[in-house]
Every structure is written in C-alpha cells, then in structure tokens.
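Undergrad: To start, I am sharing the structure in question, which I have written as structure tokens.
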Amino acid sequence: MKRFFFFVFLLCNYVHAQNPQLAHVDLWKGKTAATQVRILDSLSKAVRTSDYKQALAYSQQGLQIAQKNQLHDGVAKSWLSVAQAYKAKGLFDSALIFLDSARFEATTYSLKKLMPEVLNAEGAVYMRKSNNTKATSCFYEAIELANALKDSVNLQMAFNYLGTVAFYRDDFLSAANFYRRSRNFVDVQNKPEKFVSITDNIGLCYANVGKYDSALFFQEQAVKKLDQINDSNLRAEVFINIAATLLLLNRIDESKHYIDDAFQIHQKRNNGYGLVLANHYLGKYYLGKNDLPTAIRYLEIADQLANELDIASQKKQTGIVLAEVYSQIGDHKRASEKYAKLIDVIQEINKDENARAINELSAQYDYKEQTQKIELLTRDKAIQDQRIENDRNLKIIYASVAVFLLLLSGLFIYRFIEKKKANRQLVEQAEAIALQKKKIEEQKAQLQQRNQETMDSINYASRIQRSSLPSLSLLQATLNNSFVYYKPKDIVSGDFYWMREKIVPATSTTPERRYLYFAVADCTGHGVPGAMMAVLGSSLLNQLIAGPVVKQPAAILHELHIQVVASLNEDLAHRDSHDGMDIALLLLDLSTKRVTYAGAGRPLYYQNGTTELQTIRSDKYSVGDTTDMEQIQFTQHEIAVLEPTMFYLSTDGVVDQFGGPFARKFMTKNLKEMLHEIAPWPIEKQAAHVQTVLDTWKEGHDQTDDITLVGFRLG
C-alpha cells in the first residue's frame with residue numbers, strides 16, 4: 001500500500017511538471033504553508049468545471065506544500081481536491097484512487113472533521129458510476145459522522161446526494177423528501193446558490209410524477225433567485241430542468257429558449273455532462289415539433305457524449321428515446337440495436353450494484369460474527385477463572401473442616417456435580433437455539449435476496465413494457481386531441497395500447513394517403529402473465545401490418561387470432577382454451593376522415609358534439625380463444641367523420657372496478673354517462689375529469705384489474 005501511494009505521489013509530481021505555469025502565485029507569497037494550501041484549494045474549486053488541467057495543477061501544488069511541511073490535514077484536503085478535479089472531468093476511476101488516499105490520511109491521523117466531506121465526495125463518484133448501493137452506503141455513513149460533529153454543511157450535502165440517488169432510481173417522491181431535508185440546512189442569505197439548486201431539484205421530482213403545478217412552483221422560485229447569483233453553470237442546470245418540465249407539459253415552444261441558453265453556457269465552458277443534457281433535450285424539443293431528422297441528430301450527439309463520458313443513467317435515458325424514434329421512422333434495425341445496447345447498460349448497472357451490495361453485506365456479517373466470537377471467548381475465560389477460584393476456596397475449606405464436615409462436604413460435592421450437569425445441559429440448549437436462529441436468519445436473508453431480485457426483474461420488465469407503448473408526446477403529436485388513462489393493477493400490465501402510422505406514397509393518378517392504426521387490448525390475466533401476452537400481441541400487430549399493403553381491421557384480427565393460437569401452443573389440449581386477448585382495432589384514414597373498426601370483445605364508443613353517445617358492439621369472440629375456432633370471423637364497421645367526433649376505447653378494468661359508497665362495480669352504464677358528459681369538453685379537461693372520477697370511485701378499494709381508457713377527437 002505504501003509503495004502504491006509513493007507511485008501516486010510521483011505521478012502527481014510528473015503531471016505538475018507538465019503544467020508548471022500557475023496563475024496568482026502572488027496570492028500566497030509571505031503566507032504560512034497552511035494558508036497557501038487553503039488558497040490553492042480555493043483556486044482549484046474556482047476553475048474545476050472550466051479548466052480541468054489548471055484545477056489539477058493547483059491541487060497538486062497544494063499537495064506538495066502540505067507534504068513538505070507535514071500538514072496532515074492539508075495533505076488529506078489536497079488529495080480530496082485532486083479527486084474532485086478528476087471527477088469534474090469525468091475520470092471517475094482516477095477520482096476513486098485519490099479519494100482512497102484522502103480517506104487513508106484522514107483515518108491514519110484521526111482527522112474526524114474531514115471524514116464526512118471525503119465520504120460525500122466518494123459517494124458522489126459512485127453515484128456518477130451508477131453504483132447506487134455503494135453511493136448510498138457512503139452518504140449514510142457521512143450523515144452519521146456529520147450528526148455527531150453537528151456538521152450542517154455535510155449533512156446538507158449528504159441528504160442532497162441521497163435525493164439524487166433516489167431520483168436516478170426513479171423513486172421521485174423519496175427524492176423530493178431527501179431534497180427538502182437537505183434544504184433545511186441551507187442558509188439562504190449566505191448560500192443562495194445551494195437554495196436554488198435544491199429547490200430546482202424538488203421541482204424536477206414533482207415533474208416526473210406528473211405534479212406539474214408543484215414542479216413549476218418550485219422551479220420558478222429557483223429562477224427568481226438566480227438573479228442574485230453569478231453562476232452560469234447553475235443557471236444552465238436550472239434552465240435545463242425547467243425546460244424538461246415544460247416539455248412534459250407539451251409547452252414545447254416555451255421550453256426552447258431555456259434549452260438554448262443552457263446549451264450556450266455548457267458549450268462555452270465545455271461542460272461534458274451539461275452538453276449531454278442540452279443535446280438530449282434539444283432532441284426532445286425537435287421530436288415534439290415533429291422534426292425527426294433534427295431530433296435524431298441531437299439525440300445521437302447526446303448518446304455519443306454519454307457513452308464517451310460513461311454516464312450510465314444518461315445512456316439509458318437517451319437510448320430509450322432514440323430507440324423509440326428509430327422505430328417510429330421505420331428503421332427497425334437501428335431500433336433493435338439500440339434496444340439491445342440499452343438492455344446491456346441496464347443489466348450491467350443492476351449487476352454491478354447487486355454484486356457490491358452483496359459484498360458489503362457479507363463483510364458486515366463477517367465482522368459481526370467475529371465480534372460475537374470474541375465476546376463469547378472472553379465470557380468463557382471469565383467463567384473458567386471464577387470456577388478455579390471457587391475450587392481453591394473449597395479446597396481450603398475442606399482441609400480445615402474435613403473431619404467435622406465430611407458428610408456435609410459430600411452433600412455439597414453431590415449438589416455441585418448436579419448443578420454442573422444442569423449448566424452443561426443449559427449451555428447445549430443455548431448452542432442449539434443459537435444454531436437454529438442462525439439458520440433461520442440465513443434462510444430469511446436468502447428469501448429477501450430472491451424477493452429483491454424478483455422485484456428488480458419485474459420493475460425492469462415494467463420499464464421495457466412502458467417503453468414499447470406509444471409515448472404521450474408521440475400520441476399527441478400524431479392525434480393532437482387525445483388522452484390516455486393507463487393504470488396497471490400490478491407493476492406490469494396485461495393491458496396495452498398500440499399505434500402505427502402507414503403512409504401510401506402518391507402515384508401519377510392518386511395523391512398520398514395517410515393511415516393510422518390504433519388498438520386497445522386487454523390480455524388474459526394481469527401482472528407478469530398478462531404482460532407477456534401483451535408483449536406478444538404488440539409484436540404480432542407490428543408484424544401483421546408490415547409491408548406496403550393497407551390491411552383492414554377485420555382481416556388483421558383474423559390473422560392475429562391464428563398467430564396467437566399458434567404462438568401459445570400448437571397442441572391446444574395443453575392450454576386453457578380462453579387464453580388470448582380482447583381487442584378493439586381502428587384504421588383511421590386521415591386523408592378521407594373515415595374510421596374502420598373491428599372488435600374482439602371490446603366495443604367502440606363515439607359521439608358528435610352533444611348528440612347521444614353511440615356504441616358499436618364487438619364480436620363475441622376473443623383473439624386466441626379456441627372455442628368454436630373454425631367459426632371465428634370478425635365484423636367490420638365504417639364511420640364517416642363529417643364533423644368533429646370523439647372516439648373512446650377501453651378495457652373492462654374500468655367497468656369492473658369496485659368502489660363508490662356501496663362497494664359496487666363501476667358498470668358500463670356509468671362509463672357511458674361519463675363519456676357522454678365529457679365528449680364536448682376540451683381534451684385536457686376530459687383527461688383530468690376521467691382521472692378524478694375513476695380515482696375517486698376506487699378510493700379505499702383494491703384495484704380489480706388493469707385499467708386503460710383512451711380518447712381522441714377526429715375531424
């Protein structure tokens with residue numbers, strides 16, 4: 001270990017030799033060595049994000065001065081400063097090496113006040129490497145030490161980092177809670193920049209759970225405070241986050257100047273991580289404007305930078321958007337390649353986290369076990385010493401009164417033997433109980449680990465399943481007046497909605513025609529079995545509409561039925577005859593405003609203005625149902641859209657949901673009344689009303705089934 005640190009020291013001297021020109025040398029002339037180290041550390045912080053090499057040179061100069069004067073506190077702080085410079089550049093493995101040196105120096109010379117800062121820095125690096133398990137361990141250890149030292153600065157920092165870890169793990173409400181706790185330690189007057197950063201993060205958390213009013217409330221607080229701060233990096237960070245919220249709200253044009261402002265700042269300061277975010281959101285902006293070539297260009301730049309800097313969380317986010325866009329433009333090869341890389345990234349993150357977590361738990365267990373053994377050995381030795389002393393006293397007594405107490409001593413000896421035997425039995429029983437307890441604890445740990453692995457797999461499957469659904473931005477870009485109420489019963493869902501656009505090019509005799517396929521399906525079961533059926537259904541629909549021919553819904557359902565039966569099991573005797581899905585499938589001719597519908601177990605509702613709600617009943621068959629299989633034929637209906645018309649598709653999870661004051665099903669009658677009432681309303685008001693009605697109805701009751709309700713206005 002000493003030779004390793006000596007090697008690192010030589011390396012630092014070498015790097016310093018390559019950067020000999022340090023500005024502001026006159027600042028520390030005549031100052032003490034400790035003051036010089038502090039000045040160099042401050043200079044390094046000032047240029048850390050804009051000039052990595054200069055920052056590193058300042059830190060290494062401070063390290064040389066501290067080592068020369070045997071300032072152990074200064075040495076530890078300088079190692080920490082070097083590590084922070086490498087972290088700012090994105091060289092995380094190098095940063096961890098120097099953080100280990102800082103931790104060694106602080107531990108060796110009992111620099112307790114410095115340890116929380118070192119632990120926070122170490123956790124931040126692990127967080128950037130997407131090792132959230134290791135990062136969380138560092139932050140909680142920092143909190144424990146900072147509490148004992150009443151160190152509000154590092155308490156604020158640790159809670160802030162824990163919020164970021166929770167954010168990266170998509171646990172946004174927990175993240176908001178951690179950020180609030182962090183903000184409690186901020187002195188707003190003296191540290192307005194920290195108040196701005198944390199307040200902005202709280203807003204971003206609410207944006208990601210759909211609470212956009214709360215998100216904008218906090219983010220606008222942060223923007224107002226920016227005028228008091230001369231920090232362009234912080235300005236860029238806040239502007240990127242408020243742009244993200246505006247994009248989620250579909251306020252696309254408002255987001256543009258925030259993104260452009262942040263992009264210029266990051267480009268000027270050559271901030272790699274900031275440029276990843278700026279290019280990512282520029283891509284999402286042009287995606288919202290339906291300018292797919294420009295969107296792809298910016299997203300590919302963001303993806304390339306994220307891979308170069310090895311920022312796993314951003315590789316995942318940009319990869320998901322790119323894969324969806326490739327799929328949208330019909331470039332299925334690139335989409336498949338991107339999905340494959342995305343799966344590798346997520347699996348590698350999870351694998352690294354789990355392996356490290358297991359190693360840490362194992363180390364903690366071994367330490368506790370060894371401690372318990374030492375305590376038992378110490379206790380046994382004390383008991384043995386006491387018995388020897390008792391025996392010595394007994395021998396003296398026996399020698400003194402042997403003649404007079406012969407019978408009495410015999411009785412004492414007999415009782416002593418019996419007591420020793422009873423004690424031995426108690427010890428054996430205690431050992432047996434301890435062994436059994438240990439086995440039970442090991443079994444419990446194994447069950448918890450297996451359960452966690454299962455939940456991690458299901459959560460990952462949920463993210464993949466949701467990425468395969470049309471995004472709300474894509475749906476609203478294709479059908480401007482549309483909404484989706486999608487609520488799985490479990491983490492993954494047996495419901496799915498599906499959309500694909502097909503364009504028939506113009507010929508010498510016919511103009512270009514635009515068609516849109518849209519479907520809502522309810523697969524057998526829910527949870528994992530239902531989700532597997534949903535993935536199968538979505539994949540088969542993509543295959544069936546491939547090619548230049550515009551197939552009609554009834555024909556597609558018939559082919560889908562045959563494919564589902566064949567995919568589930570060629571031997572029909574080995575599966576339930578009712579496995580499959582209920583589905584409503586529409587073909588929208590966007591050029592002629594005609595809608596063609598075919599349904600298997602799911603109806604179509606539509607309404608012109610304030611007229612009565614119309615219902616087209618579906619065929620009684622389900623796709624994949626092998627009952628009377630040869631007789632299954634699907635009926636097709638056409639609707640001419642002569643005026644603005646609302647169309648609604650839903651799964652039976654809506655009408656089957658128990659709730660209300662009498663714990664009854666919602667029923668088709670209530671659904672129709674609700675749809676008739678809201679059909680003339682603006683689409684945003686419809687979406688809010690549907691969510692309020694269904695959530696209020698279900699309140700206090702378990703969700704019965706997966707729920708999907710989609711509405712859109714055509715014409």
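We name chains A, B, ... following the order of the structure tokens; residues begin at 1 in each chain, and ligands are numbered from 1 as shown.
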Name the residues of stretch 28-100 of chain A that come out as alpha helix (DSSP H) in a backbone DSSP run; write them as a ChimeraX atom specification.

TA: /A:33-47,52-68,72-89,92-100

Undergrad: Would you write out, as CSV, a table of all residues in stretch 90-200 of chain A that have an atom no more than 6 Å from an atom of stretch 215-224 of chain A, listing for each the closest atom pair and the distance in Å to one decimal, considering only C-alpha atoms and ordering rows by chain and rising residue number?

TA:
```
residue,atom,partner,partner_atom,distance
A:Val196,CA,A:Ala222,CA,4.6
A:Thr199,CA,A:Phe218,CA,5.8
A:Asp200,CA,A:Gln219,CA,4.9
```

Undergrad: Hey, can you check how far atom CA of A:Thr668 sits from atom CA of A:Val655?

TA: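 The value is 5.5 Å.
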